[in-house]
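Novice: Data: final05.tsv, TSV, C-alpha atoms.
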```
chain	number	residue	atom	x	y	z
A	1313	MET	CA	133.54	103.46	131.95
A	1314	THR	CA	132.45	107.09	132.26
A	1315	ASP	CA	129.85	108.52	129.95
A	1316	SER	CA	132.44	110.63	128.17
A	1317	ASN	CA	134.71	107.62	127.65
A	1318	ALA	CA	131.78	105.61	126.37
A	1319	SER	CA	130.93	108.40	123.96
A	1320	ARG	CA	134.51	108.50	122.76
A	1321	VAL	CA	134.56	104.75	122.15
A	1322	ALA	CA	131.26	104.98	120.29
A	1323	ALA	CA	132.55	107.87	118.22
A	1324	THR	CA	135.74	105.98	117.39
A	1325	SER	CA	133.71	102.95	116.38
A	1326	LEU	CA	131.56	105.10	114.15
A	1327	GLU	CA	134.60	106.64	112.52
A	1328	ASP	CA	135.99	103.15	111.99
A	1329	ALA	CA	132.72	102.10	110.41
A	1330	LEU	CA	132.75	105.12	108.13
A	1331	ARG	CA	136.37	104.68	107.12
A	1332	SER	CA	136.23	100.93	106.61
A	1333	ARG	CA	132.98	100.81	104.62
A	1334	ARG	CA	133.42	99.38	101.15
A	1335	SER	CA	131.06	98.71	98.29
A	1336	VAL	CA	131.05	94.93	98.07
A	1337	ARG	CA	129.96	93.58	94.70
A	1338	VAL	CA	131.21	90.00	94.79
A	1339	PHE	CA	129.54	87.58	97.16
A	1340	THR	CA	129.68	83.95	98.20
A	1341	ASP	CA	126.73	81.75	97.33
A	1342	GLN	CA	125.56	81.72	100.92
A	1343	MET	CA	122.09	83.21	101.25
A	1344	PRO	CA	121.62	85.60	104.18
A	1345	THR	CA	118.82	84.36	106.39
A	1346	ARG	CA	115.63	86.34	106.86
A	1347	GLU	CA	116.68	86.91	110.46
A	1348	ARG	CA	120.01	88.39	109.33
A	1349	ILE	CA	118.32	90.69	106.84
A	1350	GLU	CA	115.77	91.76	109.44
A	1351	ALA	CA	118.60	92.55	111.83
A	1352	LEU	CA	120.20	94.67	109.14
A	1353	LEU	CA	116.99	96.53	108.35
A	1354	SER	CA	116.23	97.03	112.02
A	1355	LEU	CA	119.43	99.09	112.13
A	1356	ALA	CA	118.62	100.84	108.86
A	1357	ILE	CA	115.31	102.15	110.19
A	1358	LEU	CA	117.02	103.88	113.09
A	1359	ALA	CA	117.71	106.67	110.59
A	1360	PRO	CA	116.11	110.05	111.18
A	1361	SER	CA	113.34	111.29	108.89
A	1362	ALA	CA	111.27	114.44	108.62
A	1363	SER	CA	108.45	114.39	111.19
A	1364	ASN	CA	109.62	110.86	111.98
A	1365	LYS	CA	107.62	109.88	108.92
A	1366	GLN	CA	109.85	106.87	108.23
A	1367	PRO	CA	109.06	107.15	104.52
A	1368	TRP	CA	110.76	103.90	103.50
A	1369	ARG	CA	109.84	100.40	102.47
A	1370	PHE	CA	112.21	97.54	101.74
A	1371	SER	CA	111.49	94.80	99.23
A	1372	VAL	CA	113.89	91.96	99.94
A	1373	VAL	CA	114.39	89.81	96.86
A	1374	ARG	CA	116.00	86.43	97.50
A	1375	HIS	CA	114.36	84.70	94.56
A	1376	ARG	CA	116.78	83.93	91.74
A	1377	GLU	CA	114.18	84.06	88.96
A	1378	THR	CA	112.91	87.43	90.14
A	1379	LEU	CA	116.45	88.79	90.20
A	1380	GLU	CA	116.94	87.55	86.66
A	1381	ARG	CA	113.70	89.17	85.54
A	1382	MET	CA	114.86	92.40	87.13
A	1383	ALA	CA	118.19	92.20	85.34
A	1384	SER	CA	116.42	91.48	82.05
A	1385	ALA	CA	114.24	94.54	82.54
A	1386	VAL	CA	117.26	96.72	83.12
A	1387	GLN	CA	119.07	95.19	80.14
A	1388	GLU	CA	116.02	95.86	77.98
A	1389	ARG	CA	116.17	99.53	78.95
A	1390	VAL	CA	119.94	99.71	78.36
A	1391	ASP	CA	119.40	98.26	74.90
A	1392	PHE	CA	116.62	100.74	74.23
A	1393	LEU	CA	118.78	103.66	75.26
A	1394	CYS	CA	121.64	102.38	73.09
A	1395	ALA	CA	119.28	102.25	70.14
A	1396	ASN	CA	118.51	105.90	70.73
A	1397	MET	CA	122.06	107.10	71.23
A	1398	ASP	CA	124.68	108.70	69.03
A	1399	SER	CA	127.02	106.02	67.76
A	1400	ASP	CA	129.97	107.70	69.50
A	1401	GLY	CA	128.50	106.99	72.90
A	1402	ILE	CA	127.16	103.49	72.48
A	1403	ASP	CA	130.32	101.55	73.31
A	1404	ALA	CA	131.04	103.65	76.36
A	1405	PHE	CA	127.49	103.37	77.57
A	1406	ARG	CA	127.40	99.61	76.96
A	1407	THR	CA	130.44	99.21	79.19
A	1408	TYR	CA	128.88	101.44	81.83
A	1409	GLY	CA	125.48	99.83	81.42
A	1410	ASP	CA	126.91	96.37	82.02
A	1411	TYR	CA	127.28	97.38	85.66
A	1412	PHE	CA	123.58	98.11	85.86
A	1413	THR	CA	122.65	94.43	85.84
A	1414	ARG	CA	125.34	93.04	88.11
A	1415	PHE	CA	123.05	93.15	91.13
A	1416	ALA	CA	121.59	89.92	89.80
A	1417	GLN	CA	124.77	88.10	90.81
A	1418	ALA	CA	124.13	88.85	94.48
A	1419	PRO	CA	122.22	86.29	96.52
A	1420	CYS	CA	119.95	88.98	97.88
A	1421	VAL	CA	118.86	92.41	96.64
A	1422	ILE	CA	117.01	94.96	98.70
A	1423	ALA	CA	114.96	97.49	96.77
A	1424	ILE	CA	114.42	100.61	98.84
A	1425	ALA	CA	111.34	102.67	98.11
A	1426	PHE	CA	110.19	106.01	99.44
A	1427	ARG	CA	107.04	108.06	99.18
A	1428	ALA	CA	106.48	111.75	99.69
A	1429	SER	CA	103.82	112.75	102.16
A	1430	PRO	CA	101.90	115.25	100.02
A	1431	ILE	CA	99.97	116.86	102.83
A	1432	LEU	CA	101.19	120.42	102.32
A	1433	SER	CA	100.55	120.30	98.57
A	1434	HIS	CA	97.06	118.92	99.15
A	1435	LEU	CA	96.25	121.94	101.27
A	1436	LEU	CA	97.33	124.49	98.66
A	1437	THR	CA	94.67	126.23	96.63
A	1438	ASP	CA	94.34	125.73	92.88
A	1439	GLY	CA	95.21	129.35	92.25
A	1440	LEU	CA	98.73	129.07	93.61
A	1441	PRO	CA	101.37	129.78	90.92
A	1442	ALA	CA	102.88	126.59	89.54
A	1443	HIS	CA	106.35	127.59	90.68
A	1444	GLU	CA	105.24	127.92	94.30
A	1445	ARG	CA	103.40	124.61	94.14
A	1446	SER	CA	106.45	122.98	92.63
A	1447	LEU	CA	108.62	124.18	95.51
A	1448	ALA	CA	106.28	122.57	98.02
A	1449	GLN	CA	106.16	119.32	96.04
A	1450	THR	CA	109.92	119.26	95.68
A	1451	MET	CA	110.33	119.76	99.42
A	1452	GLU	CA	107.95	116.88	100.12
A	1453	HIS	CA	109.72	114.64	97.63
A	1454	GLN	CA	113.16	115.45	98.93
A	1455	SER	CA	112.17	115.05	102.56
A	1456	ALA	CA	111.11	111.50	101.85
A	1457	CYS	CA	114.05	110.80	99.56
A	1458	ILE	CA	116.51	112.02	102.18
A	1459	GLY	CA	114.88	109.99	104.93
A	1460	ALA	CA	115.14	106.83	102.86
A	1461	SER	CA	118.70	107.74	101.86
A	1462	LEU	CA	119.70	108.00	105.49
A	1463	ALA	CA	118.24	104.55	106.07
A	1464	LEU	CA	120.30	103.34	103.11
A	1465	GLN	CA	123.44	104.80	104.65
A	1466	ASN	CA	122.66	103.05	107.94
A	1467	LEU	CA	122.22	99.80	106.05
A	1468	LEU	CA	125.57	100.15	104.29
A	1469	LEU	CA	127.38	101.01	107.50
A	1470	ALA	CA	125.71	98.28	109.54
A	1471	ALA	CA	126.22	95.44	107.05
A	1472	PRO	CA	129.83	94.56	108.11
A	1473	SER	CA	128.79	94.34	111.77
A	1474	LEU	CA	126.54	91.45	110.72
A	1475	GLY	CA	129.20	89.84	108.56
A	1476	LEU	CA	127.55	91.09	105.39
A	1477	GLY	CA	128.74	93.14	102.46
A	1478	ALA	CA	126.59	95.52	100.48
A	1479	SER	CA	126.63	98.01	97.65
A	1480	ALA	CA	124.00	100.46	96.53
A	1481	LEU	CA	123.10	100.85	92.87
A	1482	THR	CA	121.10	103.59	91.24
A	1483	GLY	CA	121.95	102.69	87.61
A	1484	PRO	CA	119.19	100.07	87.45
A	1485	LEU	CA	116.69	102.81	88.10
A	1486	ILE	CA	116.75	103.65	84.41
A	1487	ALA	CA	114.21	100.81	84.38
A	1488	ALA	CA	112.41	101.86	87.57
A	1489	ASP	CA	109.03	101.63	85.86
A	1490	LEU	CA	109.73	98.00	84.93
A	1491	LEU	CA	111.31	97.13	88.27
A	1492	LYS	CA	108.58	98.47	90.52
A	1493	PRO	CA	106.01	95.76	89.76
A	1494	LEU	CA	108.68	93.08	90.08
A	1495	VAL	CA	109.58	94.24	93.59
A	1496	ARG	CA	105.92	95.00	94.40
A	1497	VAL	CA	106.34	98.73	94.81
A	1498	THR	CA	103.05	100.53	94.24
A	1499	PRO	CA	102.72	103.46	91.80
A	1500	SER	CA	103.01	106.42	94.16
A	1501	TRP	CA	106.16	105.05	95.76
A	1502	ASN	CA	109.57	105.74	94.20
A	1503	LEU	CA	112.56	103.46	93.96
A	1504	LEU	CA	115.57	104.94	95.71
A	1505	ALA	CA	118.16	102.26	94.96
A	1506	LEU	CA	118.82	98.58	94.71
A	1507	VAL	CA	121.21	97.23	97.30
A	1508	SER	CA	123.15	94.04	96.66
A	1509	VAL	CA	123.62	92.15	99.91
A	1510	GLY	CA	125.46	88.96	100.77
A	1511	TYR	CA	128.53	87.50	102.38
A	1512	PRO	CA	131.62	89.18	100.89
A	1513	ALA	CA	133.86	87.25	98.53
A	1514	GLU	CA	136.14	90.22	97.99
A	1515	THR	CA	137.84	92.96	99.96
A	1516	PRO	CA	137.60	96.05	97.79
A	1517	ASN	CA	140.36	98.62	97.87
A	1518	VAL	CA	139.91	102.01	99.39
A	1519	THR	CA	138.49	104.50	96.94
A	1520	GLN	CA	139.97	107.95	97.12
A	1521	ARG	CA	138.10	111.02	98.19
A	1522	LYS	CA	138.74	114.52	96.99
A	1523	PRO	CA	140.21	116.85	99.60
A	1524	VAL	CA	137.40	117.97	101.83
A	1525	GLU	CA	138.21	121.64	101.33
A	1526	GLN	CA	137.21	121.28	97.67
A	1527	SER	CA	133.68	120.48	98.79
A	1528	ILE	CA	133.18	123.33	101.23
A	1529	ARG	CA	131.96	126.83	100.68
A	1530	TRP	CA	132.40	128.83	103.87
A	1531	ILE	CA	129.89	131.57	104.52
A	1532	ASP	CA	131.21	133.35	107.54
A	1533	GLY	CA	130.25	136.86	106.58
A	1534	ASP	CA	128.15	139.00	104.27
A	1535	HIS	CA	129.36	138.20	100.76
A	1536	GLU	CA	127.98	141.48	99.45
A	1537	HIS	CA	130.45	143.38	101.58
A	1538	ASP	CA	133.54	141.15	101.28
B	188	MET	CA	76.56	113.86	112.28
B	189	THR	CA	74.11	111.08	111.68
B	190	ASP	CA	72.05	109.69	114.52
B	191	SER	CA	73.83	106.80	116.16
B	192	SER	CA	70.96	104.44	115.43
B	193	GLU	CA	71.53	104.78	111.68
B	194	TYR	CA	74.28	102.23	111.13
B	195	LEU	CA	75.22	101.93	107.49
B	196	GLN	CA	76.33	98.84	105.67
B	197	VAL	CA	79.48	99.49	103.72
B	198	LYS	CA	79.07	99.03	100.00
B	199	PRO	CA	81.62	96.68	98.41
B	200	GLU	CA	82.74	99.33	95.92
B	201	VAL	CA	83.40	101.78	98.74
B	202	PHE	CA	85.42	99.19	100.61
B	203	GLU	CA	87.45	98.43	97.49
B	204	ALA	CA	88.17	102.12	96.92
B	205	VAL	CA	89.14	102.73	100.54
B	206	ARG	CA	91.27	99.62	100.62
B	207	ALA	CA	93.05	100.69	97.44
B	208	CYS	CA	93.82	104.11	98.95
B	209	ILE	CA	95.19	102.58	102.12
B	210	ALA	CA	97.19	99.95	100.24
B	211	GLU	CA	98.76	102.63	98.07
B	212	SER	CA	99.52	105.02	100.88
B	213	LEU	CA	101.06	102.40	103.15
B	214	MET	CA	102.39	100.13	100.37
B	215	LEU	CA	100.50	97.14	101.66
B	216	GLU	CA	99.01	94.23	99.81
B	217	PRO	CA	95.26	94.87	99.45
B	218	GLY	CA	94.64	91.36	100.70
B	219	ASP	CA	96.26	92.27	103.99
B	220	ILE	CA	93.63	94.95	104.62
B	221	ALA	CA	90.36	93.81	106.14
B	222	MET	CA	87.26	95.78	107.00
B	223	SER	CA	88.08	95.36	110.68
B	224	SER	CA	91.76	96.31	110.36
B	225	ARG	CA	92.75	99.14	112.66
B	226	LEU	CA	94.75	101.76	110.83
B	227	ILE	CA	97.28	102.39	113.56
B	228	ASP	CA	97.53	99.12	115.45
B	229	ASP	CA	97.10	96.66	112.57
B	230	LEU	CA	98.31	98.51	109.48
B	231	GLY	CA	101.09	100.62	110.96
B	232	ALA	CA	99.68	103.98	109.92
B	233	ASP	CA	100.59	107.16	111.74
B	234	SER	CA	98.73	110.44	112.02
B	235	LEU	CA	100.23	111.81	108.79
B	236	ASP	CA	99.27	108.64	106.95
B	237	PHE	CA	95.75	109.13	108.21
B	238	VAL	CA	95.61	112.64	106.76
B	239	ASP	CA	97.15	111.44	103.51
B	240	ILE	CA	94.60	108.66	103.17
B	241	VAL	CA	91.79	111.13	103.79
B	242	PHE	CA	93.13	113.37	101.00
B	243	GLN	CA	93.42	110.39	98.68
B	244	LEU	CA	89.85	109.37	99.41
B	245	GLU	CA	88.69	112.86	98.52
B	246	ARG	CA	90.45	112.65	95.20
B	247	ASP	CA	89.62	109.06	94.28
B	248	LEU	CA	85.98	109.11	95.39
B	249	SER	CA	85.31	112.76	94.55
B	250	VAL	CA	83.92	113.40	97.98
B	251	LYS	CA	84.67	116.03	100.58
B	252	VAL	CA	85.96	114.04	103.51
B	253	ARG	CA	87.53	117.06	105.16
B	254	GLY	CA	85.05	118.85	107.37
B	255	SER	CA	83.56	115.47	108.17
B	256	GLU	CA	83.71	113.28	111.24
B	257	PHE	CA	87.45	112.98	110.76
B	258	GLU	CA	87.99	116.68	111.13
B	259	TRP	CA	85.61	116.78	114.07
B	260	LEU	CA	87.68	114.05	115.66
B	261	THR	CA	91.04	115.66	115.03
B	262	ARG	CA	89.78	118.98	116.37
B	263	LEU	CA	88.42	117.69	119.64
B	264	ASP	CA	89.65	119.84	122.53
B	265	PHE	CA	90.80	117.25	125.03
B	266	SER	CA	91.38	119.96	127.62
B	267	SER	CA	87.68	120.84	127.65
B	268	PRO	CA	85.48	119.36	130.41
B	269	GLU	CA	82.80	118.87	127.76
B	270	VAL	CA	85.13	116.44	125.99
B	271	MET	CA	87.12	114.87	128.81
B	272	GLN	CA	86.38	114.11	132.41
B	273	GLU	CA	88.83	112.33	134.70
B	274	GLY	CA	90.94	111.32	131.73
B	275	PHE	CA	88.14	109.75	129.70
B	276	LEU	CA	85.81	110.92	126.96
B	277	THR	CA	82.44	112.20	128.07
B	278	ALA	CA	79.22	110.41	127.17
B	279	PRO	CA	78.10	113.03	124.59
B	280	VAL	CA	81.40	112.71	122.74
B	281	VAL	CA	81.20	108.93	122.74
B	282	GLU	CA	77.63	109.22	121.46
B	283	GLN	CA	78.88	111.32	118.54
B	284	LEU	CA	81.52	108.75	117.70
B	285	VAL	CA	79.65	105.50	118.01
B	286	SER	CA	77.78	105.83	114.71
B	287	TRP	CA	80.92	105.72	112.60
B	288	LEU	CA	83.42	103.92	114.79
B	289	PRO	CA	82.26	100.30	114.72
B	290	ALA	CA	85.15	99.23	116.94
B	291	LEU	CA	83.79	101.52	119.62
B	292	ARG	CA	80.48	99.66	119.66
B	293	GLU	CA	82.33	96.49	120.56
B	294	LEU	CA	83.70	97.98	123.76
B	295	GLU	CA	81.69	97.06	126.81
B	296	ASP	CA	82.59	100.09	128.90
B	297	HIS	CA	82.03	103.38	127.09
B	298	THR	CA	82.85	105.40	130.19
B	299	ARG	CA	86.58	104.71	130.15
B	300	ILE	CA	87.79	105.59	126.65
B	301	SER	CA	91.01	107.58	126.56
B	302	PRO	CA	92.06	109.78	123.60
B	303	ARG	CA	94.84	107.34	122.79
B	304	ALA	CA	92.41	104.45	122.69
B	305	LEU	CA	90.08	106.51	120.54
B	306	PHE	CA	92.52	106.90	117.67
B	307	SER	CA	93.37	103.23	117.75
B	308	LEU	CA	89.68	102.53	117.16
B	309	ILE	CA	89.77	103.97	113.65
B	310	THR	CA	89.25	101.01	111.38
B	311	VAL	CA	89.00	100.56	107.65
B	312	GLU	CA	85.26	100.21	108.17
B	313	ALA	CA	85.18	103.61	109.88
B	314	MET	CA	86.93	105.18	106.90
B	315	CYS	CA	84.43	103.48	104.59
B	316	LEU	CA	81.45	104.69	106.60
B	317	VAL	CA	82.55	108.31	106.55
B	318	ALA	CA	83.36	108.19	102.83
B	319	GLN	CA	80.05	106.49	102.06
B	320	ARG	CA	78.05	109.04	104.01
B	321	ARG	CA	79.80	111.82	102.18
B	322	MET	CA	79.00	110.18	98.86
B	323	GLN	CA	75.33	109.93	99.83
B	324	SER	CA	75.04	113.37	101.45
B	325	PRO	CA	77.91	115.54	100.22
B	326	SER	CA	76.73	118.67	101.96
B	327	THR	CA	76.18	117.32	105.47
```
Let me see the file written as structure tokens.
Specialist:
Amino acid sequence: MTDSNASRVAATSLEDALRSRRSVRVFTDQMPTRERIEALLSLAILAPSASNKQPWRFSVVRHRETLERMASAVQERVDFLCANMDSDGIDAFRTYGDYFTRFAQAPCVIAIAFRASPILSHLLTDGLPAHERSLAQTMEHQSACIGASLALQNLLLAAPSLGLGASALTGPLIAADLLKPLVRVTPSWNLLALVSVGYPAETPNVTQRKPVEQSIRWIDGDHEHD
Amino acid sequence: MTDSSEYLQVKPEVFEAVRACIAESLMLEPGDIAMSSRLIDDLGADSLDFVDIVFQLERDLSVKVRGSEFEWLTRLDFSSPEVMQEGFLTAPVVEQLVSWLPALRELEDHTRISPRALFSLITVEAMCLVAQRRMQSPST
């Protein structure tokens, strides 16, 4: 096979992976082995990151009681928010919030954490205006967040190749402060998402995407003079 | 720099503080970090982690670690014949390093230390020694 043919096959496979990815939320009882999860994460960490900082950590929770404690923590926060919500919104939020704890039904949950590398902000002088400092800190935070997010995307795309299903959840992060100690994430690290992982017991339908043109703003010239 | 004969003993409270900084920066369990752990080879740190840990030490211990041995190390000009000869560090450079790099003392042959090997010699103990010196003599 020529290099160009090989590239084409690889590209087609990638497109297939992108088009066939589904968020799997229902799993069999079979527990993925440590080796299988390590294989999955070894693909996740091929993601690019700023300065190759690899700003991610993965806490793999396969302990039923810990998952239940995590779900309880999230439920506690949902209840708290409901108690501080206009009555009109409570029912809707309860329905939505029910999804926040469903990760606990998965055999395995991977908590992804990231940490900014605050080297630029450390070097800035105290006299710098807060706005300028904030821009630097935001850049550092987002660099790390994006690196970890790319690893998350790798994980989601790679899961089917290992026979696994996965879905990423950010809703539980309403209780991030309660979850971090449970998944042994230290204070200066941030939770990016929880990822339910297991062997699929469902084949979710395709979810629709908006037409791509609705997401694009073309800047092909000088707007001031259009 | 302190004379190489003046080897300090690391105080337990300094070790605890340094270990806490490293554990936080690298998200490791403190129990996995020993005095002899090498930052790069054993704990998986990279050069940016090293800088981050140095900044954290400054903040947590209220010492000025920048401008110390660490900065001297990171600013070594490896293209200079005073620093490198035939691919290895010169004796005066090794002499400067030996007082705060305990792992260096354990090497039998001090005439064949490459820059790459040098960075892998930075241990938790080395971080402790620099921080402790700065706490004792902030202005040196």
Novice: Using only C-alpha atoms, which of A:Pro1516, A:Pro1499, A:Pro1441, A:Gly1475 sits nearest chain B?
Specialist: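 Nearest candidate to chain B out of A:Pro1516, A:Pro1499, A:Pro1441, A:Gly1475: A:Pro1499.
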Novice: Neighbours of stretch 1478-1492 of chain A within 8 Å (all atoms listed in the file; same-chain residues fewer than 2 positions away dropped), as an MDAnalysis selection string?
Specialist: chainID A and resid 1334:1337 1382 1385:1386 1389:1390 1409 1411:1413 1415 1468 1471 1476 1494:1499 1503:1510
Novice: Which value, in Å to one decimal, gives the distance between atom CA of A:Cys1394 and atom CA of A:Cys1420?
Specialist: 28.2 Å
Novice: Neighbouring residues of B:Ser301 were defined as those with any atom within 10 Å, considering only C-alpha atoms; residues of the same chain fewer than 5 positions away were excluded. Please report them as a PDB file with C-alpha atoms, keeping the file's coordinate frame.
Specialist:
```pdb
ATOM      1  CA  PHE B 265      90.800 117.250 125.030  1.00  0.00           C
ATOM      2  CA  MET B 271      87.120 114.870 128.810  1.00  0.00           C
ATOM      3  CA  GLN B 272      86.380 114.110 132.410  1.00  0.00           C
ATOM      4  CA  GLU B 273      88.830 112.330 134.700  1.00  0.00           C
ATOM      5  CA  GLY B 274      90.940 111.320 131.730  1.00  0.00           C
ATOM      6  CA  PHE B 275      88.140 109.750 129.700  1.00  0.00           C
ATOM      7  CA  LEU B 276      85.810 110.920 126.960  1.00  0.00           C
ATOM      8  CA  THR B 277      82.440 112.200 128.070  1.00  0.00           C
ATOM      9  CA  PHE B 306      92.520 106.900 117.670  1.00  0.00           C
TER      10      PHE B 306
END
```
Novice: Return as JSON, numbers by chain the residues belonging to chain A that are within 12 Å of chain B, counting all atoms listed in the file.
Specialist: {"A": [1362, 1363, 1364, 1365, 1366, 1367, 1368, 1369, 1370, 1371, 1425, 1426, 1427, 1428, 1429, 1430, 1431, 1432, 1433, 1434, 1435, 1492, 1495, 1496, 1497, 1498, 1499, 1500, 1501, 1502]}
Novice: Which residues are close to stretch 288-294 of chain B, i.e. within 6 Å by all atoms listed in the file, leaving aside same-chain residues fewer than 4 positions away? Reply as a PyMOL selection string.
Specialist: chain B and resi 284+308+313
Novice: Could you list, as a list of chain:residue names, every residue within 8 Å of stretch 278-280 of chain B, counting all atoms listed in the file and ignoring same-chain residues fewer than 5 positions away?
Specialist: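 Counting only the stated atoms, we get B:Val270, B:His297, B:Thr298.
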Novice: Restrict the selected residues to C-alpha atoms and save them as a PDB file, in the frame of the given file.
Specialist:
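The resulting file, again.pdb, is reproduced below:
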```pdb
ATOM      1  CA  VAL B 270      85.130 116.440 125.990  1.00  0.00           C
ATOM      2  CA  HIS B 297      82.030 103.380 127.090  1.00  0.00           C
ATOM      3  CA  THR B 298      82.850 105.400 130.190  1.00  0.00           C
TER       4      THR B 298
END
```
Novice: I need the residue nearest B:Ser224 from this list: B:Arg262, B:Lys198, B:Glu312, B:Ser267. Use all atoms listed in the file for the distance.
Specialist: B:Glu312
Novice: With only C-alpha atoms as the basis for distance, which of A:Asp1341, A:Ala1359, A:Asn1517, A:Asp1410 is at the shortest distance from A:Gly1459?
Specialist: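 Ranking A:Asp1341, A:Ala1359, A:Asn1517, A:Asp1410 by distance to A:Gly1459, first place goes to A:Ala1359.
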Novice: Record the distance separating atom CA of A:Tyr1511 and atom CA of A:Phe1339, expressed in Å with one decimal.
Specialist: 5.3 Å
Novice: Could you name the residues that touch B:Leu244 at 7 Å or less, counting only C-alpha atoms, but leaving out those on the same chain fewer than 3 positions away, as a ChimeraX atom specification?
Specialist: /B:205,208,240-241,247-248
Novice: If I take atom CA of A:Leu1467 and atom CA of A:Ala1356, how far is one from the other in Å, to one decimal?
Specialist: 4.7 Å
Novice: Pick out the closest residue to B:Glu282 from this set: B:Cys315, B:Ala207, B:Phe237, B:Ile300. Count all atoms listed in the file.
Specialist: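 Using all atoms listed in the file, B:Glu282 sits closest to B:Ile300.
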